[in-house]
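The structure file run-v7.txt is reproduced below (compact mmCIF, C-alpha atoms and all ligand atoms).
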# COMPACT_ATOMS: atom_id res chain seq x y z
CA MET M 1 28.85 1.44 4.34
CA ASN M 2 29.10 -1.87 2.49
CA PHE M 3 26.37 -4.45 2.01
CA LYS M 4 25.76 -7.78 0.38
CA LEU M 5 22.38 -7.84 -1.35
CA GLU M 6 20.38 -10.95 -2.18
CA ILE M 7 17.95 -9.66 -4.81
CA TRP M 8 15.08 -11.53 -6.46
CA ARG M 9 15.62 -11.65 -10.23
CA GLN M 10 12.82 -12.73 -12.54
CA PHE M 11 12.94 -11.88 -16.20
CA GLU M 12 9.19 -11.69 -16.68
CA SER M 13 5.79 -12.58 -15.29
CA GLY M 14 5.12 -16.31 -14.97
CA GLN M 15 8.79 -17.30 -15.31
CA ASP M 16 10.86 -18.89 -12.54
CA GLY M 17 13.00 -16.50 -10.56
CA ALA M 18 16.00 -16.82 -8.23
CA PHE M 19 18.04 -14.71 -5.83
CA GLU M 20 21.21 -13.11 -7.20
CA SER M 21 23.98 -11.72 -4.97
CA PHE M 22 25.49 -8.27 -5.38
CA GLU M 23 28.04 -6.37 -3.31
CA VAL M 24 27.52 -2.63 -2.88
CA THR M 25 30.27 -0.47 -1.41
CA ASP M 26 30.74 3.14 -0.29
CA ILE M 27 27.06 3.68 0.41
CA ALA M 28 26.31 6.84 2.38
CA PRO M 29 24.44 6.11 5.63
CA ASP M 30 21.90 8.77 4.68
CA ALA M 31 21.22 7.24 1.25
CA SER M 32 17.70 5.89 0.98
CA PHE M 33 17.18 2.23 0.14
CA LEU M 34 16.12 3.21 -3.40
CA GLU M 35 19.17 5.45 -3.83
CA MET M 36 21.35 2.49 -2.86
CA LEU M 37 19.57 0.43 -5.57
CA ASP M 38 20.12 3.34 -8.02
CA GLN M 39 23.83 3.18 -7.24
CA LEU M 40 23.84 -0.56 -7.91
CA ASN M 41 21.97 -0.05 -11.18
CA GLU M 42 24.37 2.63 -12.31
CA ARG M 43 27.24 0.20 -11.84
CA LEU M 44 25.40 -2.65 -13.59
CA SER M 45 24.60 -0.33 -16.45
CA HIS M 46 28.32 0.63 -16.81
CA GLU M 47 29.18 -3.06 -16.78
CA LYS M 48 26.54 -3.60 -19.53
CA LYS M 49 24.59 -5.98 -17.27
CA ARG M 50 20.82 -6.12 -16.79
CA THR M 51 19.78 -3.60 -14.14
CA VAL M 52 17.43 -4.48 -11.28
CA ALA M 53 13.82 -3.47 -12.00
CA PHE M 54 11.96 -1.81 -9.13
CA ASP M 55 9.09 0.65 -8.87
CA SER M 56 9.20 4.17 -7.50
CA ASP M 57 7.65 7.52 -8.16
CA CYS M 58 7.40 10.19 -5.45
CA ARG M 59 10.18 8.87 -3.17
CA GLU M 60 8.47 10.81 -0.38
CA GLY M 61 6.15 8.16 1.08
CA ILE M 62 3.12 9.45 -0.82
CA CYS M 63 2.49 7.41 -3.97
CA GLY M 64 2.77 3.85 -2.59
CA SER M 65 4.66 2.45 -5.58
CA CYS M 66 7.94 1.38 -3.91
CA SER M 67 6.80 -2.13 -3.12
CA LEU M 68 9.80 -4.07 -1.76
CA VAL M 69 10.03 -6.81 0.83
CA ILE M 70 13.26 -6.11 2.72
CA ASP M 71 14.55 -8.82 5.05
CA GLY M 72 11.10 -10.43 5.10
CA ASN M 73 9.17 -7.25 5.93
CA PRO M 74 7.03 -5.42 3.37
CA HIS M 75 8.81 -2.02 3.08
CA GLY M 76 11.59 -3.05 5.48
CA PRO M 77 12.55 -3.04 9.14
CA ARG M 78 10.80 0.21 10.12
CA GLN M 79 7.12 0.99 9.63
CA VAL M 80 7.79 3.41 6.77
CA THR M 81 7.81 3.07 2.98
CA SER M 82 10.85 1.58 1.21
CA CYS M 83 11.74 5.04 -0.17
CA GLN M 84 11.86 6.43 3.38
CA THR M 85 14.05 3.58 4.62
CA TYR M 86 17.68 4.68 5.00
CA MET M 87 20.86 2.62 4.88
CA ARG M 88 21.74 3.81 8.40
CA ASP M 89 18.84 1.56 9.50
CA PHE M 90 21.05 -1.47 8.64
CA ILE M 91 24.25 -2.77 10.19
CA ASP M 92 27.38 -2.06 8.14
CA GLY M 93 28.41 -5.24 6.32
CA ALA M 94 24.98 -6.84 6.65
CA THR M 95 23.45 -9.16 4.07
CA ILE M 96 20.05 -7.76 3.01
CA LYS M 97 17.41 -9.80 1.24
CA VAL M 98 15.25 -7.87 -1.24
CA GLU M 99 12.11 -9.43 -2.73
CA PRO M 100 8.96 -8.25 -4.50
CA PHE M 101 5.64 -8.20 -2.64
CA ARG M 102 4.42 -11.78 -2.68
CA SER M 103 0.72 -12.50 -3.20
CA ASN M 104 -1.29 -14.25 -5.91
CA THR M 105 -3.16 -11.01 -6.50
CA LEU M 106 0.05 -8.98 -6.92
CA PRO M 107 1.92 -10.95 -9.62
CA VAL M 108 5.56 -10.18 -10.36
CA ILE M 109 6.11 -8.29 -13.62
CA ARG M 110 9.91 -8.27 -13.45
CA ASP M 111 12.43 -8.57 -10.59
CA LEU M 112 10.98 -6.42 -7.78
CA VAL M 113 8.08 -4.91 -9.77
CA THR M 114 4.61 -6.26 -9.11
CA ASP M 115 1.27 -5.63 -10.78
CA ARG M 116 -0.89 -3.93 -8.13
CA SER M 117 -3.75 -3.05 -10.47
CA ALA M 118 -6.12 -5.33 -8.50
CA LEU M 119 -6.07 -2.65 -5.80
CA ASP M 120 -6.99 0.01 -8.37
CA ARG M 121 -9.92 -2.13 -9.55
CA VAL M 122 -11.21 -2.37 -5.97
CA ILE M 123 -11.12 1.43 -5.70
CA ARG M 124 -12.79 1.78 -9.10
CA ALA M 125 -15.57 -0.61 -8.01
CA GLY M 126 -16.37 1.84 -5.22
CA GLY M 127 -17.48 4.32 -7.87
CA TYR M 128 -17.56 8.07 -7.83
CA ILE M 129 -19.01 10.42 -5.26
CA SER M 130 -22.15 11.85 -6.87
CA THR M 131 -22.45 15.59 -7.02
CA THR M 132 -25.08 18.12 -7.87
CA THR M 133 -24.62 20.69 -10.58
CA GLY M 134 -25.45 24.35 -10.33
CA PRO M 135 -24.63 26.71 -7.49
CA GLN M 136 -22.87 24.88 -4.65
CA PRO M 137 -23.35 25.56 -0.96
CA GLU M 138 -20.57 27.30 0.91
CA PRO M 139 -18.22 24.43 1.99
CA ASN M 140 -18.20 25.62 5.60
CA SER M 141 -21.97 25.15 5.74
CA MET M 142 -21.45 21.35 5.57
CA LEU M 143 -20.31 20.76 9.12
CA VAL M 144 -18.57 17.57 10.23
CA ALA M 145 -17.87 16.77 13.85
CA PRO M 146 -14.10 16.96 14.55
CA ALA M 147 -13.97 13.35 15.79
CA VAL M 148 -15.66 12.08 12.61
CA GLN M 149 -13.43 14.22 10.42
CA GLU M 150 -10.34 12.89 12.20
CA GLU M 151 -11.44 9.28 11.80
CA ALA M 152 -12.11 9.83 8.09
CA MET M 153 -8.77 11.57 7.54
CA ASP M 154 -6.86 8.86 9.46
CA ALA M 155 -8.25 6.38 6.91
CA ALA M 156 -7.76 8.71 3.93
CA ILE M 157 -3.97 8.61 4.33
CA CYS M 158 -3.80 5.05 2.94
CA ILE M 159 -1.40 5.30 -0.02
CA GLY M 160 -2.54 2.06 -1.68
CA CYS M 161 0.91 0.48 -1.46
CA GLY M 162 -0.36 -3.07 -0.89
CA ALA M 163 2.02 -3.87 1.99
CA CYS M 164 -1.00 -5.02 4.00
CA VAL M 165 -1.79 -7.62 1.31
CA ALA M 166 1.84 -8.75 1.10
CA ALA M 167 2.08 -9.18 4.89
CA CYS M 168 -1.22 -11.02 5.34
CA PRO M 169 -0.90 -14.82 5.51
CA ASN M 170 -4.31 -14.94 3.77
CA GLY M 171 -3.43 -12.33 1.14
CA ALA M 172 -6.40 -10.25 2.30
CA ALA M 173 -6.95 -6.64 1.26
CA MET M 174 -9.27 -5.81 4.15
CA LEU M 175 -7.12 -3.05 5.65
CA PHE M 176 -6.79 -1.29 2.30
CA THR M 177 -10.49 -1.62 1.41
CA GLY M 178 -11.52 -0.82 4.98
CA ALA M 179 -9.49 2.40 4.80
CA LYS M 180 -11.18 3.47 1.55
CA VAL M 181 -14.69 2.63 2.80
CA THR M 182 -14.10 4.29 6.19
CA HIS M 183 -12.77 7.45 4.57
CA LEU M 184 -15.70 7.90 2.19
CA ASN M 185 -18.56 6.43 4.22
CA LEU M 186 -17.99 8.70 7.21
CA LEU M 187 -18.15 12.00 5.36
CA PRO M 188 -21.40 13.71 4.27
CA GLN M 189 -20.30 13.68 0.63
CA GLY M 190 -20.03 9.87 0.72
CA GLN M 191 -23.58 9.16 1.89
CA PRO M 192 -25.51 8.73 -1.40
CA GLU M 193 -23.35 5.73 -2.43
CA ARG M 194 -22.58 4.51 1.09
CA GLU M 195 -24.22 1.11 0.74
CA SER M 196 -23.41 0.39 -2.89
CA ARG M 197 -19.78 1.34 -2.26
CA ALA M 198 -19.32 -1.21 0.54
CA ILE M 199 -21.02 -3.98 -1.43
CA SER M 200 -19.18 -3.30 -4.71
CA MET M 201 -15.74 -3.03 -3.15
CA VAL M 202 -16.13 -6.24 -1.15
CA ASN M 203 -17.46 -8.06 -4.23
CA GLN M 204 -14.50 -6.80 -6.26
CA MET M 205 -12.05 -7.99 -3.58
CA ASP M 206 -13.57 -11.46 -3.90
CA GLU M 207 -13.48 -11.32 -7.68
CA GLU M 208 -9.79 -10.39 -7.65
CA GLY M 209 -9.01 -13.38 -5.40
CA PHE M 210 -7.92 -11.56 -2.23
CA GLY M 211 -8.21 -13.80 0.82
CA GLY M 212 -10.43 -13.35 3.85
CA CYS M 213 -9.45 -11.69 7.11
CA THR M 214 -8.83 -13.94 10.12
CA ASN M 215 -7.48 -11.19 12.39
CA TYR M 216 -3.73 -11.85 12.17
CA GLY M 217 -3.16 -8.09 12.36
CA GLU M 218 0.03 -8.25 10.27
CA CYS M 219 -1.50 -5.74 7.84
CA SER M 220 -1.68 -2.96 10.39
CA ARG M 221 1.74 -3.86 11.82
CA VAL M 222 3.49 -3.23 8.49
CA CYS M 223 1.29 -0.38 7.22
CA PRO M 224 3.51 2.67 6.65
CA GLN M 225 0.51 4.93 7.27
CA ASP M 226 -0.39 3.25 10.55
CA ILE M 227 -3.94 2.45 9.42
CA SER M 228 -5.77 0.95 12.37
CA LEU M 229 -7.49 -2.44 12.39
CA ASP M 230 -10.64 -0.47 13.30
CA VAL M 231 -11.21 0.16 9.59
CA ILE M 232 -11.74 -3.58 9.10
CA GLY M 233 -14.48 -3.52 11.75
CA MET M 234 -16.03 -0.53 9.95
CA LEU M 235 -15.88 -2.35 6.60
CA ASN M 236 -17.54 -5.45 8.07
CA ARG M 237 -20.32 -3.38 9.67
CA GLU M 238 -20.93 -1.33 6.52
CA TYR M 239 -21.04 -4.43 4.36
CA ARG M 240 -23.44 -6.30 6.66
CA LYS M 241 -25.82 -3.37 6.96
CA ALA M 242 -25.76 -2.79 3.22
CA ALA M 243 -26.19 -6.49 2.45
CA VAL M 244 -29.42 -6.71 4.43
CA GLY M 245 -30.62 -3.47 2.87
CA LYS M 246 -30.74 -1.51 6.10
CA LYS M 247 -29.93 2.14 6.24
CA PRO M 248 -26.80 2.77 8.32
CA LYS M 249 -27.77 3.69 11.87
CA ASN M 250 -24.81 5.97 12.49
CA PRO M 251 -24.71 8.64 9.80
CA PRO M 252 -22.01 11.24 10.42
CA LYS M 253 -22.99 13.75 13.04
CA MET M 254 -23.30 17.32 11.86
CA VAL M 255 -22.63 19.75 14.65
CA ALA M 256 -22.92 23.48 14.84
CA GLN M 257 -19.61 25.13 15.67
S1 LIG M 301 -3.70 0.15 4.37
FE1 LIG M 301 -1.54 0.70 4.73
S2 LIG M 301 -0.37 -1.04 3.95
FE2 LIG M 301 -2.44 -1.21 3.08
S3 LIG M 301 -2.38 -0.17 1.11
FE3 LIG M 301 -3.03 1.38 2.62
S4 LIG M 301 -1.12 2.35 3.29
FE4 LIG M 301 -0.49 0.46 2.26
S1 LIG M 302 8.16 6.00 -4.08
FE1 LIG M 302 6.25 6.92 -3.54
S2 LIG M 302 5.84 6.06 -1.60
FE2 LIG M 302 7.82 5.32 -2.05
Would it be possible to restate this file's structure as structure tokens?
Amino acid sequence: MNFKLEIWRQFESGQDGAFESFEVTDIAPDASFLEMLDQLNERLSHEKKRTVAFDSDCREGICGSCSLVIDGNPHGPRQVTSCQTYMRDFIDGATIKVEPFRSNTLPVIRDLVTDRSALDRVIRAGGYISTTTGPQPEPNSMLVAPAVQEEAMDAAICIGCGACVAACPNGAAMLFTGAKVTHLNLLPQGQPERESRAISMVNQMDEEGFGGCTNYGECSRVCPQDISLDVIGMLNREYRKAAVGKKPKNPPKMVAQ
């Protein structure tokens, strides 16, 4: 397969950037989008030209580092990560536009690489889960209702990629933060810091300059992990309850099996 690529080039943070065109030829349909960029970089390197900077790590949809906007969509045309996007998903001969995630809170470092450390600082603001020392109870003695466990695990699969922020017209990080708060606040282990976690993470979002949520829903549409908008409702409820100093009324149900 052959493609024409329009790739965002920016030498470093704060500088002006521009699109540069490249032709790539003989690309296998089963090559991933990142493998196609590898092929381009190999050629540029042989030609002694500056290669295209982009982020990746696991290349299995786990780490969340492959932050590309492909043809206007964070991560590309399908609701999967850029590293799980394959060239067979595009029409042979197509022109493909490749940009970094665009948001004030995710500044470009070089070309397609953005600084997503604001998301890490939001997680860090949530703090640790406290634990007791000494002999621990048998894990199976801490029972969690299957429905609660499922809800928590559905939120826990957020990979922190930041596509939700890039897609949001307000640059909000509510889906990401909602996923983290939902995951931890539903489980028994997350109860001691339940209130402080919600307050600290929301405060950190504000401090970082993420926008507010006005229910566009673009975040969930592009999320490669299919995180539901429900987590935003959970975050709002947790924050409000914590802000007025009330104990949450719906602690996770423990059921005997
Ligand atoms: S909520 Fe989805 S889009 Fe946002 S950081 Fe998590 S996995 Fe990525
Ligand atoms: S490189 Fe890890 S999710 Fe894409």
Checklist entry - Got a sec to check which residues lie within 9 Å of ligand LIG 301 (chain M), using only C-alpha atoms and all ligand atoms, and send them as a PyMOL selection string? => result chain M and resi 64+74+81+119+155-167+173-180+219-228
Selection file, C-alpha atoms, as a PDB file, keeping the file's coordinate frame:
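Below is the file selection-v6.pdb, written as the result:
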ATOM      1  CA  GLY M  64       2.770   3.850  -2.590  1.00  0.00           C
ATOM      2  CA  PRO M  74       7.030  -5.420   3.370  1.00  0.00           C
ATOM      3  CA  THR M  81       7.810   3.070   2.980  1.00  0.00           C
ATOM      4  CA  LEU M 119      -6.070  -2.650  -5.800  1.00  0.00           C
ATOM      5  CA  ALA M 155      -8.250   6.380   6.910  1.00  0.00           C
ATOM      6  CA  ALA M 156      -7.760   8.710   3.930  1.00  0.00           C
ATOM      7  CA  ILE M 157      -3.970   8.610   4.330  1.00  0.00           C
ATOM      8  CA  CYS M 158      -3.800   5.050   2.940  1.00  0.00           C
ATOM      9  CA  ILE M 159      -1.400   5.300  -0.020  1.00  0.00           C
ATOM     10  CA  GLY M 160      -2.540   2.060  -1.680  1.00  0.00           C
ATOM     11  CA  CYS M 161       0.910   0.480  -1.460  1.00  0.00           C
ATOM     12  CA  GLY M 162      -0.360  -3.070  -0.890  1.00  0.00           C
ATOM     13  CA  ALA M 163       2.020  -3.870   1.990  1.00  0.00           C
ATOM     14  CA  CYS M 164      -1.000  -5.020   4.000  1.00  0.00           C
ATOM     15  CA  VAL M 165      -1.790  -7.620   1.310  1.00  0.00           C
ATOM     16  CA  ALA M 166       1.840  -8.750   1.100  1.00  0.00           C
ATOM     17  CA  ALA M 167       2.080  -9.180   4.890  1.00  0.00           C
ATOM     18  CA  ALA M 173      -6.950  -6.640   1.260  1.00  0.00           C
ATOM     19  CA  MET M 174      -9.270  -5.810   4.150  1.00  0.00           C
ATOM     20  CA  LEU M 175      -7.120  -3.050   5.650  1.00  0.00           C
ATOM     21  CA  PHE M 176      -6.790  -1.290   2.300  1.00  0.00           C
ATOM     22  CA  THR M 177     -10.490  -1.620   1.410  1.00  0.00           C
ATOM     23  CA  GLY M 178     -11.520  -0.820   4.980  1.00  0.00           C
ATOM     24  CA  ALA M 179      -9.490   2.400   4.800  1.00  0.00           C
ATOM     25  CA  LYS M 180     -11.180   3.470   1.550  1.00  0.00           C
ATOM     26  CA  CYS M 219      -1.500  -5.740   7.840  1.00  0.00           C
ATOM     27  CA  SER M 220      -1.680  -2.960  10.390  1.00  0.00           C
ATOM     28  CA  ARG M 221       1.740  -3.860  11.820  1.00  0.00           C
ATOM     29  CA  VAL M 222       3.490  -3.230   8.490  1.00  0.00           C
ATOM     30  CA  CYS M 223       1.290  -0.380   7.220  1.00  0.00           C
ATOM     31  CA  PRO M 224       3.510   2.670   6.650  1.00  0.00           C
ATOM     32  CA  GLN M 225       0.510   4.930   7.270  1.00  0.00           C
ATOM     33  CA  ASP M 226      -0.390   3.250  10.550  1.00  0.00           C
ATOM     34  CA  ILE M 227      -3.940   2.450   9.420  1.00  0.00           C
ATOM     35  CA  SER M 228      -5.770   0.950  12.370  1.00  0.00           C
TER      36      SER M 228
END
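Using only C-alpha atoms for every distance, the candidate list M:Cys83, M:Val52, M:Cys168, M:Ile129 yields M:Cys168 as the residue closest to Ser103 in chain M.
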Next on the checklist: Neighbouring residues of ligand LIG 302 (chain M) are defined here as those with any atom at most 7 Å from a ligand atom, counting only C-alpha atoms and all ligand atoms; list them as a PyMOL selection string.
Outcome noted: chain M and resi 56-66+81-84
Closest-contact table, range 35-145 of chain M side, partner range 8-25 of chain M, 12 Å, counting all atoms listed in the file, as CSV:
residue,atom,partner,partner_atom,distance
M:Glu35,CA,M:Val24,CA,11.7
M:Met36,CA,M:Val24,CA,8.0
M:Leu37,CA,M:Val24,CA,8.9
M:Asp38,CA,M:Val24,CA,10.8
M:Gln39,CA,M:Val24,CA,8.1
M:Leu40,CA,M:Val24,CA,6.6
M:Asn41,CA,M:Val24,CA,10.3
M:Glu42,CA,M:Val24,CA,11.2
M:Arg43,CA,M:Val24,CA,9.4
M:Leu44,CA,M:Phe22,CA,9.9
M:Arg50,CA,M:Phe11,CA,9.8
M:Thr51,CA,M:Arg9,CA,9.9
M:Val52,CA,M:Arg9,CA,7.5
M:Ala53,CA,M:Arg9,CA,8.6
M:Phe54,CA,M:Trp8,CA,10.6
M:Leu68,CA,M:Trp8,CA,10.3
M:Val69,CA,M:Trp8,CA,10.0
M:Ile70,CA,M:Trp8,CA,10.8
M:Asp71,CA,M:Trp8,CA,11.8
M:Met87,CA,M:Val24,CA,11.5
M:Asp92,CA,M:Thr25,CA,10.1
M:Gly93,CA,M:Thr25,CA,9.3
M:Ala94,CA,M:Glu23,CA,10.4
M:Thr95,CA,M:Glu23,CA,9.1
M:Ile96,CA,M:Ser21,CA,9.7
M:Lys97,CA,M:Trp8,CA,8.2
M:Val98,CA,M:Trp8,CA,6.4
M:Glu99,CA,M:Trp8,CA,5.2
M:Pro100,CA,M:Trp8,CA,7.2
M:Phe101,CA,M:Trp8,CA,10.7
M:Arg102,CA,M:Trp8,CA,11.3
M:Asn104,CA,M:Gly14,CA,11.3
M:Leu106,CA,M:Ser13,CA,10.8
M:Pro107,CA,M:Ser13,CA,7.1
M:Val108,CA,M:Ser13,CA,5.5
M:Ile109,CA,M:Ser13,CA,4.6
M:Arg110,CA,M:Glu12,CA,4.8
M:Asp111,CA,M:Arg9,CA,4.4
M:Leu112,CA,M:Trp8,CA,6.7
M:Val113,CA,M:Gln10,CA,9.6
M:Thr114,CA,M:Ser13,CA,8.9
M:Asp115,CA,M:Ser13,CA,9.4
Next on the checklist: Which residues are near Ser117 in chain M? Cut-off 9 Å, only C-alpha atoms, ignore same chain within fewer than 3 positions. Put them as a ChimeraX atom specification.
Outcome noted: /M:105-106,120-122
Generate a file of the selected residues that holds C-alpha atoms, formatted as a short mmCIF file (atom, residue, chain, number, x, y, z; two decimals), in the frame of the given file.
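Final output, out_30.cif:
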data_model
loop_
_atom_site.label_atom_id
_atom_site.label_comp_id
_atom_site.auth_asym_id
_atom_site.auth_seq_id
_atom_site.Cartn_x
_atom_site.Cartn_y
_atom_site.Cartn_z
CA THR M 105 -3.16 -11.01 -6.50
CA LEU M 106 0.05 -8.98 -6.92
CA ASP M 120 -6.99 0.01 -8.37
CA ARG M 121 -9.92 -2.13 -9.55
CA VAL M 122 -11.21 -2.37 -5.97
#
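One finds CA of His183 in chain M at 21.5 Å from CA of Gln79 in chain M.
Among the candidates M:Met205, M:Val80, M:Ala152, M:Ala242, the one nearest to Asp230 in chain M when counting all atoms listed in the file is M:Ala152.
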Item to check | Nearest residue to Gly212 in chain M from the set M:Gly134, M:Pro169, M:Pro77, M:Gly233 (distances using all atoms listed in the file) | outcome: M:Pro169
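In this structure, CA of Tyr239 in chain M sits 11.1 Å away from CA of Asn185 in chain M.
Pairwise distance (CA of Pro192 in chain M, CA of Ser130 in chain M) equals 7.1 Å.
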